[in-house]
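Asks: Just query-v3.pdb, nothing more (PDB, C-alpha atoms):
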ATOM      1  CA  MET A  14    -241.289 -15.824-154.532  1.00  0.00           C
ATOM      2  CA  SER A  15    -243.508 -14.069-151.959  1.00  0.00           C
ATOM      3  CA  SER A  16    -244.429 -15.786-148.726  1.00  0.00           C
ATOM      4  CA  SER A  17    -248.091 -15.669-149.768  1.00  0.00           C
ATOM      5  CA  LYS A  18    -247.370 -17.439-153.059  1.00  0.00           C
ATOM      6  CA  LEU A  19    -245.103 -19.931-151.350  1.00  0.00           C
ATOM      7  CA  PHE A  20    -247.852 -20.761-148.885  1.00  0.00           C
ATOM      8  CA  ASN A  21    -250.426 -21.290-151.620  1.00  0.00           C
ATOM      9  CA  ASN A  22    -248.070 -23.642-153.476  1.00  0.00           C
ATOM     10  CA  LYS A  23    -246.728 -25.708-150.583  1.00  0.00           C
ATOM     11  CA  GLY A  24    -249.069 -25.138-147.673  1.00  0.00           C
ATOM     12  CA  LYS A  25    -252.465 -25.111-149.344  1.00  0.00           C
ATOM     13  CA  VAL A  26    -253.197 -28.721-148.420  1.00  0.00           C
ATOM     14  CA  PHE A  27    -252.968 -28.047-144.672  1.00  0.00           C
ATOM     15  CA  PHE A  28    -256.285 -26.340-144.231  1.00  0.00           C
ATOM     16  CA  SER A  29    -258.274 -28.681-146.486  1.00  0.00           C
ATOM     17  CA  LEU A  30    -256.979 -31.627-144.499  1.00  0.00           C
ATOM     18  CA  ILE A  31    -257.939 -30.034-141.214  1.00  0.00           C
ATOM     19  CA  ILE A  32    -261.399 -29.373-142.594  1.00  0.00           C
ATOM     20  CA  SER A  33    -261.634 -33.036-143.505  1.00  0.00           C
ATOM     21  CA  LEU A  34    -260.825 -33.871-139.894  1.00  0.00           C
ATOM     22  CA  ILE A  35    -263.481 -31.527-138.553  1.00  0.00           C
ATOM     23  CA  LEU A  36    -266.203 -32.669-140.914  1.00  0.00           C
ATOM     24  CA  SER A  37    -265.564 -36.388-140.660  1.00  0.00           C
ATOM     25  CA  HIS A  38    -264.959 -37.131-136.958  1.00  0.00           C
ATOM     26  CA  ASN A  39    -265.768 -40.723-136.041  1.00  0.00           C
ATOM     27  CA  ALA A  40    -268.066 -41.920-133.301  1.00  0.00           C
ATOM     28  CA  MET A  41    -266.179 -43.773-130.561  1.00  0.00           C
ATOM     29  CA  ALA A  42    -266.527 -47.525-130.120  1.00  0.00           C
ATOM     30  CA  ASN A  43    -268.854 -48.558-127.307  1.00  0.00           C
ATOM     31  CA  SER A  44    -266.989 -51.720-126.318  1.00  0.00           C
ATOM     32  CA  ASP A  45    -264.989 -51.952-123.083  1.00  0.00           C
ATOM     33  CA  VAL A  46    -261.238 -51.559-123.389  1.00  0.00           C
ATOM     34  CA  ALA A  47    -258.253 -52.703-121.394  1.00  0.00           C
ATOM     35  CA  ALA A  48    -255.588 -50.348-120.079  1.00  0.00           C
ATOM     36  CA  THR A  49    -252.677 -49.792-122.424  1.00  0.00           C
ATOM     37  CA  LYS A  50    -249.436 -47.827-122.326  1.00  0.00           C
ATOM     38  CA  LEU A  51    -248.766 -44.802-124.474  1.00  0.00           C
ATOM     39  CA  PRO A  52    -245.932 -45.189-126.975  1.00  0.00           C
ATOM     40  CA  SER A  53    -242.621 -44.000-125.569  1.00  0.00           C
ATOM     41  CA  GLN A  54    -242.522 -40.982-127.876  1.00  0.00           C
ATOM     42  CA  ALA A  55    -245.763 -39.710-126.335  1.00  0.00           C
ATOM     43  CA  THR A  56    -244.034 -39.246-122.988  1.00  0.00           C
ATOM     44  CA  LYS A  57    -241.046 -37.498-124.553  1.00  0.00           C
ATOM     45  CA  LEU A  58    -242.749 -34.899-126.658  1.00  0.00           C
ATOM     46  CA  SER A  59    -240.708 -32.292-128.474  1.00  0.00           C
ATOM     47  CA  THR A  60    -241.046 -28.877-126.871  1.00  0.00           C
ATOM     48  CA  GLU A  61    -239.664 -26.938-129.849  1.00  0.00           C
ATOM     49  CA  PRO A  62    -240.452 -27.092-133.563  1.00  0.00           C
ATOM     50  CA  ARG A  63    -237.647 -28.516-135.660  1.00  0.00           C
ATOM     51  CA  LEU A  64    -237.233 -25.856-138.336  1.00  0.00           C
ATOM     52  CA  ARG A  65    -237.716 -22.450-136.723  1.00  0.00           C
ATOM     53  CA  LEU A  66    -239.754 -20.722-134.096  1.00  0.00           C
ATOM     54  CA  ILE A  67    -242.926 -19.070-135.330  1.00  0.00           C
ATOM     55  CA  ASP A  68    -243.863 -15.610-134.100  1.00  0.00           C
ATOM     56  CA  GLN A  69    -246.555 -16.262-131.494  1.00  0.00           C
ATOM     57  CA  SER A  70    -246.984 -12.624-130.549  1.00  0.00           C
ATOM     58  CA  ASN A  71    -249.288 -12.233-133.544  1.00  0.00           C
ATOM     59  CA  PRO A  72    -252.143 -14.765-133.939  1.00  0.00           C
ATOM     60  CA  TYR A  73    -252.394 -14.229-137.706  1.00  0.00           C
ATOM     61  CA  LYS A  74    -248.686 -14.733-138.328  1.00  0.00           C
ATOM     62  CA  MET A  75    -248.677 -17.735-135.987  1.00  0.00           C
ATOM     63  CA  ILE A  76    -251.397 -19.614-137.897  1.00  0.00           C
ATOM     64  CA  ARG A  77    -249.890 -18.843-141.276  1.00  0.00           C
ATOM     65  CA  GLY A  78    -246.333 -19.635-140.201  1.00  0.00           C
ATOM     66  CA  ALA A  79    -247.187 -22.935-138.509  1.00  0.00           C
ATOM     67  CA  ALA A  80    -249.079 -24.145-141.574  1.00  0.00           C
ATOM     68  CA  GLU A  81    -246.291 -23.181-143.957  1.00  0.00           C
ATOM     69  CA  GLN A  82    -243.562 -24.721-141.803  1.00  0.00           C
ATOM     70  CA  THR A  83    -245.440 -27.994-141.319  1.00  0.00           C
ATOM     71  CA  PHE A  84    -245.811 -28.514-145.035  1.00  0.00           C
ATOM     72  CA  LYS A  85    -242.243 -27.571-145.848  1.00  0.00           C
ATOM     73  CA  ARG A  86    -241.199 -30.445-143.605  1.00  0.00           C
ATOM     74  CA  PHE A  87    -243.832 -32.725-145.081  1.00  0.00           C
ATOM     75  CA  ALA A  88    -242.697 -31.974-148.648  1.00  0.00           C
ATOM     76  CA  ALA A  89    -239.028 -32.464-147.761  1.00  0.00           C
ATOM     77  CA  GLU A  90    -239.603 -35.923-146.273  1.00  0.00           C
ATOM     78  CA  GLN A  91    -242.203 -37.398-148.628  1.00  0.00           C
ATOM     79  CA  GLN A  92    -240.062 -40.364-149.649  1.00  0.00           C
ATOM     80  CA  ALA A  93    -239.325 -41.343-146.054  1.00  0.00           C
ATOM     81  CA  ILE A  94    -242.975 -40.848-145.125  1.00  0.00           C
ATOM     82  CA  ARG A  95    -244.093 -43.195-147.884  1.00  0.00           C
ATOM     83  CA  ALA A  96    -241.744 -45.828-146.490  1.00  0.00           C
ATOM     84  CA  ASN A  97    -242.855 -45.202-142.908  1.00  0.00           C
ATOM     85  CA  PRO A  98    -246.146 -43.261-142.646  1.00  0.00           C
ATOM     86  CA  ASN A  99    -245.789 -43.047-138.851  1.00  0.00           C
ATOM     87  CA  LEU A 100    -243.185 -40.333-139.448  1.00  0.00           C
ATOM     88  CA  LEU A 101    -246.185 -38.080-139.980  1.00  0.00           C
ATOM     89  CA  LYS A 102    -246.808 -38.282-136.235  1.00  0.00           C
ATOM     90  CA  ASP A 103    -243.311 -36.940-135.581  1.00  0.00           C
ATOM     91  CA  ILE A 104    -243.877 -34.056-137.977  1.00  0.00           C
ATOM     92  CA  VAL A 105    -247.174 -33.155-136.330  1.00  0.00           C
ATOM     93  CA  ARG A 106    -245.619 -33.323-132.848  1.00  0.00           C
ATOM     94  CA  GLU A 107    -242.609 -31.232-133.753  1.00  0.00           C
ATOM     95  CA  GLU A 108    -243.990 -28.674-136.195  1.00  0.00           C
ATOM     96  CA  LEU A 109    -247.678 -28.257-135.371  1.00  0.00           C
ATOM     97  CA  MET A 110    -248.396 -29.180-131.756  1.00  0.00           C
ATOM     98  CA  PRO A 111    -246.191 -26.467-130.194  1.00  0.00           C
ATOM     99  CA  TYR A 112    -248.757 -23.995-131.512  1.00  0.00           C
ATOM    100  CA  ILE A 113    -251.825 -25.826-130.204  1.00  0.00           C
ATOM    101  CA  ASN A 114    -253.014 -25.395-126.619  1.00  0.00           C
ATOM    102  CA  HIS A 115    -253.924 -29.049-126.134  1.00  0.00           C
ATOM    103  CA  GLN A 116    -254.557 -28.709-122.377  1.00  0.00           C
ATOM    104  CA  TYR A 117    -257.119 -25.969-122.846  1.00  0.00           C
ATOM    105  CA  ALA A 118    -258.704 -27.978-125.659  1.00  0.00           C
ATOM    106  CA  ALA A 119    -258.785 -31.122-123.504  1.00  0.00           C
ATOM    107  CA  PHE A 120    -260.533 -29.315-120.654  1.00  0.00           C
ATOM    108  CA  LYS A 121    -263.045 -27.821-123.090  1.00  0.00           C
ATOM    109  CA  VAL A 122    -263.829 -31.320-124.359  1.00  0.00           C
ATOM    110  CA  ILE A 123    -264.405 -32.578-120.812  1.00  0.00           C
ATOM    111  CA  GLY A 124    -266.732 -29.596-120.441  1.00  0.00           C
ATOM    112  CA  LYS A 125    -269.470 -29.792-117.814  1.00  0.00           C
ATOM    113  CA  HIS A 126    -268.004 -32.991-116.392  1.00  0.00           C
ATOM    114  CA  LEU A 127    -264.787 -31.228-115.345  1.00  0.00           C
ATOM    115  CA  LYS A 128    -265.848 -30.707-111.719  1.00  0.00           C
ATOM    116  CA  LYS A 129    -266.762 -34.387-111.411  1.00  0.00           C
ATOM    117  CA  THR A 130    -263.247 -35.500-112.323  1.00  0.00           C
ATOM    118  CA  THR A 131    -260.243 -35.673-110.035  1.00  0.00           C
ATOM    119  CA  ASP A 132    -256.966 -33.868-110.541  1.00  0.00           C
ATOM    120  CA  ALA A 133    -255.261 -37.214-111.173  1.00  0.00           C
ATOM    121  CA  GLU A 134    -257.823 -38.162-113.828  1.00  0.00           C
ATOM    122  CA  ARG A 135    -257.351 -34.845-115.618  1.00  0.00           C
ATOM    123  CA  ARG A 136    -253.570 -35.114-115.476  1.00  0.00           C
ATOM    124  CA  ALA A 137    -253.823 -38.560-117.064  1.00  0.00           C
ATOM    125  CA  PHE A 138    -256.261 -37.434-119.742  1.00  0.00           C
ATOM    126  CA  VAL A 139    -254.470 -34.328-121.051  1.00  0.00           C
ATOM    127  CA  PRO A 140    -251.339 -35.978-122.530  1.00  0.00           C
ATOM    128  CA  VAL A 141    -253.440 -38.796-123.961  1.00  0.00           C
ATOM    129  CA  PHE A 142    -255.762 -36.305-125.627  1.00  0.00           C
ATOM    130  CA  ARG A 143    -252.697 -34.557-127.045  1.00  0.00           C
ATOM    131  CA  GLU A 144    -251.417 -37.799-128.553  1.00  0.00           C
ATOM    132  CA  TYR A 145    -254.888 -38.543-129.877  1.00  0.00           C
ATOM    133  CA  LEU A 146    -254.847 -35.213-131.710  1.00  0.00           C
ATOM    134  CA  VAL A 147    -251.385 -36.020-133.073  1.00  0.00           C
ATOM    135  CA  SER A 148    -252.578 -39.352-134.441  1.00  0.00           C
ATOM    136  CA  SER A 149    -255.765 -37.850-135.874  1.00  0.00           C
ATOM    137  CA  TYR A 150    -253.952 -35.031-137.659  1.00  0.00           C
ATOM    138  CA  ALA A 151    -251.234 -37.369-138.919  1.00  0.00           C
ATOM    139  CA  GLN A 152    -253.779 -39.727-140.498  1.00  0.00           C
ATOM    140  CA  VAL A 153    -255.552 -36.873-142.232  1.00  0.00           C
ATOM    141  CA  PHE A 154    -252.194 -35.637-143.558  1.00  0.00           C
ATOM    142  CA  THR A 155    -252.106 -38.747-145.778  1.00  0.00           C
ATOM    143  CA  LEU A 156    -254.804 -37.128-147.923  1.00  0.00           C
ATOM    144  CA  TYR A 157    -253.569 -34.819-150.633  1.00  0.00           C
ATOM    145  CA  ASP A 158    -255.623 -32.316-152.552  1.00  0.00           C
ATOM    146  CA  ASN A 159    -254.933 -29.175-154.574  1.00  0.00           C
ATOM    147  CA  GLN A 160    -257.097 -26.512-152.975  1.00  0.00           C
ATOM    148  CA  ALA A 161    -255.691 -23.045-152.384  1.00  0.00           C
ATOM    149  CA  VAL A 162    -256.322 -20.937-149.292  1.00  0.00           C
ATOM    150  CA  GLU A 163    -257.132 -17.268-148.842  1.00  0.00           C
ATOM    151  CA  PHE A 164    -256.503 -15.355-145.637  1.00  0.00           C
ATOM    152  CA  SER A 165    -258.827 -12.633-144.442  1.00  0.00           C
ATOM    153  CA  PRO A 166    -257.078  -9.315-143.729  1.00  0.00           C
ATOM    154  CA  GLU A 167    -255.426  -9.047-140.342  1.00  0.00           C
ATOM    155  CA  LYS A 168    -257.482  -7.159-137.752  1.00  0.00           C
ATOM    156  CA  SER A 169    -256.473  -5.432-134.553  1.00  0.00           C
ATOM    157  CA  PHE A 170    -256.211  -7.892-131.648  1.00  0.00           C
ATOM    158  CA  ALA A 171    -255.108  -5.398-129.012  1.00  0.00           C
ATOM    159  CA  GLY A 172    -256.740  -6.142-125.657  1.00  0.00           C
ATOM    160  CA  LYS A 173    -258.293  -9.397-126.849  1.00  0.00           C
ATOM    161  CA  ARG A 174    -257.815 -12.825-125.245  1.00  0.00           C
ATOM    162  CA  ILE A 175    -259.390 -14.925-128.015  1.00  0.00           C
ATOM    163  CA  VAL A 176    -259.186 -14.200-131.746  1.00  0.00           C
ATOM    164  CA  ALA A 177    -260.625 -16.002-134.777  1.00  0.00           C
ATOM    165  CA  VAL A 178    -258.234 -16.172-137.724  1.00  0.00           C
ATOM    166  CA  ASN A 179    -260.493 -16.494-140.760  1.00  0.00           C
ATOM    167  CA  THR A 180    -259.513 -18.340-143.914  1.00  0.00           C
ATOM    168  CA  ARG A 181    -261.294 -19.618-146.999  1.00  0.00           C
ATOM    169  CA  ILE A 182    -260.637 -22.878-148.832  1.00  0.00           C
ATOM    170  CA  ILE A 183    -261.072 -22.427-152.578  1.00  0.00           C
ATOM    171  CA  MET A 184    -263.044 -25.361-153.997  1.00  0.00           C
ATOM    172  CA  PRO A 185    -263.055 -25.333-157.829  1.00  0.00           C
ATOM    173  CA  GLY A 186    -266.514 -26.146-159.127  1.00  0.00           C
ATOM    174  CA  ARG A 187    -267.995 -26.196-155.635  1.00  0.00           C
ATOM    175  CA  ALA A 188    -268.861 -23.774-152.863  1.00  0.00           C
ATOM    176  CA  ASN A 189    -265.820 -22.492-150.988  1.00  0.00           C
ATOM    177  CA  ILE A 190    -265.340 -23.496-147.338  1.00  0.00           C
ATOM    178  CA  ASN A 191    -264.984 -20.844-144.642  1.00  0.00           C
ATOM    179  CA  VAL A 192    -262.708 -21.779-141.769  1.00  0.00           C
ATOM    180  CA  ALA A 193    -261.994 -19.950-138.525  1.00  0.00           C
ATOM    181  CA  PHE A 194    -258.995 -20.912-136.395  1.00  0.00           C
ATOM    182  CA  LYS A 195    -259.656 -19.889-132.810  1.00  0.00           C
ATOM    183  CA  VAL A 196    -256.530 -18.846-130.939  1.00  0.00           C
ATOM    184  CA  ARG A 197    -256.052 -17.843-127.314  1.00  0.00           C
ATOM    185  CA  LEU A 198    -253.540 -15.564-125.648  1.00  0.00           C
ATOM    186  CA  ASN A 199    -251.550 -16.883-122.688  1.00  0.00           C
ATOM    187  CA  LYS A 200    -251.435 -13.952-120.276  1.00  0.00           C
ATOM    188  CA  LYS A 201    -248.194 -15.128-118.694  1.00  0.00           C
ATOM    189  CA  THR A 202    -246.155 -15.855-121.816  1.00  0.00           C
ATOM    190  CA  LYS A 203    -247.945 -13.325-124.062  1.00  0.00           C
ATOM    191  CA  GLN A 204    -248.025 -15.996-126.758  1.00  0.00           C
ATOM    192  CA  TRP A 205    -250.952 -17.134-128.878  1.00  0.00           C
ATOM    193  CA  GLN A 206    -251.909 -20.772-129.416  1.00  0.00           C
ATOM    194  CA  ALA A 207    -254.714 -22.370-131.407  1.00  0.00           C
ATOM    195  CA  PHE A 208    -257.327 -24.366-129.512  1.00  0.00           C
ATOM    196  CA  ASP A 209    -260.214 -24.906-131.941  1.00  0.00           C
ATOM    197  CA  MET A 210    -261.086 -24.864-135.634  1.00  0.00           C
ATOM    198  CA  VAL A 211    -264.535 -24.058-136.957  1.00  0.00           C
ATOM    199  CA  ALA A 212    -265.520 -25.024-140.515  1.00  0.00           C
ATOM    200  CA  GLU A 213    -268.807 -23.659-141.831  1.00  0.00           C
ATOM    201  CA  GLY A 214    -270.042 -23.346-138.269  1.00  0.00           C
ATOM    202  CA  ILE A 215    -268.840 -26.819-137.205  1.00  0.00           C
ATOM    203  CA  SER A 216    -266.454 -26.696-134.247  1.00  0.00           C
ATOM    204  CA  LEU A 217    -263.888 -29.450-133.785  1.00  0.00           C
ATOM    205  CA  LEU A 218    -264.046 -29.118-130.001  1.00  0.00           C
ATOM    206  CA  ASP A 219    -267.831 -29.066-129.924  1.00  0.00           C
ATOM    207  CA  SER A 220    -268.005 -32.203-132.065  1.00  0.00           C
ATOM    208  CA  LYS A 221    -265.453 -33.996-129.889  1.00  0.00           C
ATOM    209  CA  GLN A 222    -267.312 -32.910-126.765  1.00  0.00           C
ATOM    210  CA  VAL A 223    -270.545 -34.384-128.120  1.00  0.00           C
ATOM    211  CA  GLU A 224    -268.678 -37.526-129.107  1.00  0.00           C
ATOM    212  CA  LEU A 225    -267.103 -38.097-125.692  1.00  0.00           C
ATOM    213  CA  SER A 226    -269.512 -36.466-123.232  1.00  0.00           C
ATOM    214  CA  GLY A 227    -271.879 -39.418-122.948  1.00  0.00           C
ATOM    215  CA  MET A 228    -269.069 -41.863-122.253  1.00  0.00           C
ATOM    216  CA  ILE A 229    -267.489 -39.566-119.677  1.00  0.00           C
ATOM    217  CA  ARG A 230    -270.846 -39.304-117.913  1.00  0.00           C
ATOM    218  CA  LYS A 231    -271.641 -43.025-118.040  1.00  0.00           C
ATOM    219  CA  LYS A 232    -268.219 -44.640-117.680  1.00  0.00           C
ATOM    220  CA  GLY A 233    -265.966 -41.924-116.371  1.00  0.00           C
ATOM    221  CA  LEU A 234    -262.946 -40.037-117.681  1.00  0.00           C
ATOM    222  CA  PRO A 235    -260.468 -42.897-117.028  1.00  0.00           C
ATOM    223  CA  TYR A 236    -262.431 -45.110-119.420  1.00  0.00           C
ATOM    224  CA  VAL A 237    -262.285 -42.481-122.163  1.00  0.00           C
ATOM    225  CA  THR A 238    -258.580 -41.964-121.473  1.00  0.00           C
ATOM    226  CA  GLU A 239    -257.880 -45.663-122.078  1.00  0.00           C
ATOM    227  CA  LEU A 240    -260.019 -45.614-125.212  1.00  0.00           C
ATOM    228  CA  LEU A 241    -258.065 -42.699-126.666  1.00  0.00           C
ATOM    229  CA  LYS A 242    -254.789 -44.433-125.812  1.00  0.00           C
ATOM    230  CA  ILE A 243    -255.763 -47.310-128.058  1.00  0.00           C
ATOM    231  CA  LYS A 244    -256.804 -45.006-130.875  1.00  0.00           C
ATOM    232  CA  SER A 245    -253.545 -43.084-130.568  1.00  0.00           C
ATOM    233  CA  THR A 246    -251.403 -46.179-131.090  1.00  0.00           C
ATOM    234  CA  LYS A 247    -252.870 -47.047-134.484  1.00  0.00           C
ATOM    235  CA  ASP A 248    -250.407 -46.990-137.355  1.00  0.00           C
ATOM    236  CA  ILE A 249    -250.795 -44.277-139.967  1.00  0.00           C
ATOM    237  CA  VAL A 250    -251.875 -45.786-143.289  1.00  0.00           C
ATOM    238  CA  PHE A 251    -252.110 -44.286-146.750  1.00  0.00           C
ATOM    239  CA  LYS A 252    -255.579 -45.111-148.033  1.00  0.00           C
ATOM    240  CA  SER A 253    -256.634 -45.624-151.618  1.00  0.00           C
ATOM    241  CA  ARG A 254    -257.660 -42.436-153.375  1.00  0.00           C
ATOM    242  CA  ALA A 255    -260.060 -44.276-155.619  1.00  0.00           C
ATOM    243  CA  ALA A 256    -262.996 -43.159-153.507  1.00  0.00           C
ATOM    244  CA  LYS A 257    -264.072 -39.545-153.785  1.00  0.00           C
ATOM    245  CA  GLY A 258    -265.057 -36.778-151.426  1.00  0.00           C
ATOM    246  CA  GLY A 259    -266.256 -37.636-147.950  1.00  0.00           C
ATOM    247  CA  THR A 260    -265.857 -41.380-148.574  1.00  0.00           C
ATOM    248  CA  THR A 261    -262.095 -41.040-148.925  1.00  0.00           C
ATOM    249  CA  VAL A 262    -261.868 -38.894-145.838  1.00  0.00           C
ATOM    250  CA  LYS A 263    -264.067 -41.174-143.807  1.00  0.00           C
ATOM    251  CA  LYS A 264    -261.959 -44.220-144.655  1.00  0.00           C
ATOM    252  CA  ALA A 265    -258.787 -42.393-143.746  1.00  0.00           C
ATOM    253  CA  GLN A 266    -260.238 -41.350-140.414  1.00  0.00           C
ATOM    254  CA  GLN A 267    -261.314 -44.875-139.566  1.00  0.00           C
ATOM    255  CA  GLY A 268    -257.656 -45.879-139.738  1.00  0.00           C
TER     256      GLY A 268
END
Take the structure in this file and express it as structure tokens.
Replies:
Amino acid sequence: MSSSKLFNNKGKVFFSLIISLILSHNAMANSDVAATKLPSQATKLSTEPRLRLIDQSNPYKMIRGAAEQTFKRFAAEQQAIRANPNLLKDIVREELMPYINHQYAAFKVIGKHLKKTTDAERRAFVPVFREYLVSSYAQVFTLYDNQAVEFSPEKSFAGKRIVAVNTRIIMPGRANINVAFKVRLNKKTKQWQAFDMVAEGISLLDSKQVELSGMIRKKGLPYVTELLKIKSTKDIVFKSRAAKGGTTVKKAQQG
């Protein structure tokens, strides 16, 4: 079986789930929160994917390989995941996060407030934001669908620092969804990592920046850091699939 066919059969869910995450981000709670500790696994994050290393010298191969590998692991451990949905967090940490530049993404989310934060505040925020992404992705991974994905032809990326890897989610009976995965080249390592996903013009980072910017301005980055800690510790729960469309996604995101 070709790698393209294998991806469509086993990895097709990946992109539709990520789109769900982008299109259904939740507004943050406005109540004050107390300081909490990150779970122990958040401070001992895996630095290597479990199955195999993906070629990060090519942004197109990196996106495709990371998606395929993540869902191979997911498919292999479905029974264990059903018994303990929090295993999805481990899969995301080990198979997906090594290919996401969470620090760059975190700084982009802080945005214009970056200069008003201290080095210590930023150092505290980055790993928490990473774990928040892990928890968010893991919850969305509980949603299954049967869409297929098409990849746009690979283009030359010579001399470029940022590349958009374009894909299309095939939606039977509905308009297809265009998705661009934005990846960035690390000049030192010469490796590519994803930092943003844009679905039909909606950027994950832009939406998160809008979501958090007001709180950072009014209450400071430490407050937002503590808020994301709490969100990151929520258990992953399989939601009922009785609801359809955005309702199902929204419930899953609310955790």
Asks: Provide the atom CA of Ile67 of chain A to atom CA of Phe142 of chain A distance in Å, to one decimal place.
Replies: 23.6 Å
Asks: Which is closest to Phe251 of chain A among A:Phe84, A:Phe154, A:Tyr145, A:Tyr73, if we use all atoms listed in the file?
Replies: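 Ranked by minimum distance to Phe251 of chain A, first place goes to A:Phe154.
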Asks: Going by the chain IDs and residue numbers used in this file, which residues fall under the PyMOL selection byres ((chain A and resi 102-119) around 9)? Write them as a compact mmCIF listing (two decimals) with C-alpha atoms, keeping the file's coordinate frame.
Replies:
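Below is the file that was written, expr.txt:
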# COMPACT_ATOMS: atom_id res chain seq x y z
CA GLN A 54 -242.52 -40.98 -127.88
CA LEU A 58 -242.75 -34.90 -126.66
CA SER A 59 -240.71 -32.29 -128.47
CA THR A 60 -241.05 -28.88 -126.87
CA GLU A 61 -239.66 -26.94 -129.85
CA PRO A 62 -240.45 -27.09 -133.56
CA ARG A 63 -237.65 -28.52 -135.66
CA LEU A 64 -237.23 -25.86 -138.34
CA ARG A 65 -237.72 -22.45 -136.72
CA ILE A 67 -242.93 -19.07 -135.33
CA GLN A 69 -246.56 -16.26 -131.49
CA MET A 75 -248.68 -17.74 -135.99
CA ILE A 76 -251.40 -19.61 -137.90
CA ALA A 79 -247.19 -22.94 -138.51
CA ALA A 80 -249.08 -24.14 -141.57
CA GLN A 82 -243.56 -24.72 -141.80
CA THR A 83 -245.44 -27.99 -141.32
CA ARG A 86 -241.20 -30.44 -143.60
CA PHE A 87 -243.83 -32.72 -145.08
CA PRO A 98 -246.15 -43.26 -142.65
CA ASN A 99 -245.79 -43.05 -138.85
CA LEU A 100 -243.18 -40.33 -139.45
CA LEU A 101 -246.18 -38.08 -139.98
CA PHE A 120 -260.53 -29.32 -120.65
CA LYS A 121 -263.04 -27.82 -123.09
CA VAL A 122 -263.83 -31.32 -124.36
CA ILE A 123 -264.40 -32.58 -120.81
CA GLY A 124 -266.73 -29.60 -120.44
CA ARG A 135 -257.35 -34.84 -115.62
CA PHE A 138 -256.26 -37.43 -119.74
CA VAL A 139 -254.47 -34.33 -121.05
CA PRO A 140 -251.34 -35.98 -122.53
CA PHE A 142 -255.76 -36.30 -125.63
CA ARG A 143 -252.70 -34.56 -127.04
CA GLU A 144 -251.42 -37.80 -128.55
CA LEU A 146 -254.85 -35.21 -131.71
CA VAL A 147 -251.38 -36.02 -133.07
CA SER A 148 -252.58 -39.35 -134.44
CA SER A 149 -255.76 -37.85 -135.87
CA TYR A 150 -253.95 -35.03 -137.66
CA ALA A 151 -251.23 -37.37 -138.92
CA GLN A 152 -253.78 -39.73 -140.50
CA VAL A 196 -256.53 -18.85 -130.94
CA ARG A 197 -256.05 -17.84 -127.31
CA TRP A 205 -250.95 -17.13 -128.88
CA GLN A 206 -251.91 -20.77 -129.42
CA ALA A 207 -254.71 -22.37 -131.41
CA PHE A 208 -257.33 -24.37 -129.51
CA ASP A 209 -260.21 -24.91 -131.94
CA LEU A 218 -264.05 -29.12 -130.00
CA ILE A 249 -250.80 -44.28 -139.97
Asks: Can you tell me which residues surround Phe170 of chain A at a distance of at most 10 Å, considering only C-alpha atoms, apart from same-chain residues fewer than 6 positions away, and format the answer as a list in words?
Replies: Asn71, Pro72, Tyr73, Val176 and Ala177 of chain A
Asks: Identify which of the residues A:Leu198, A:Val192, A:Val153, A:Ile243 lies closest to Gly172 of chain A, counting only C-alpha atoms when measuring atom-to-atom distances.
Replies: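 Comparing A:Leu198, A:Val192, A:Val153, A:Ile243 against Gly172 of chain A, the winner is A:Leu198.
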Asks: Using atom CA of Ala212 of chain A and atom CA of Met228 of chain A as the two end points, give the distance in Å to one decimal.
Replies: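 Atom CA of Met228 of chain A lies at a distance of 25.1 Å from atom CA of Ala212 of chain A.
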Asks: Using Å and a single decimal, report how far atom CA of Ala188 of chain A sits from atom CA of Arg77 of chain A.
Replies: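 So the two atoms, atom CA of Arg77 of chain A and atom CA of Ala188 of chain A, lie 22.8 Å apart.
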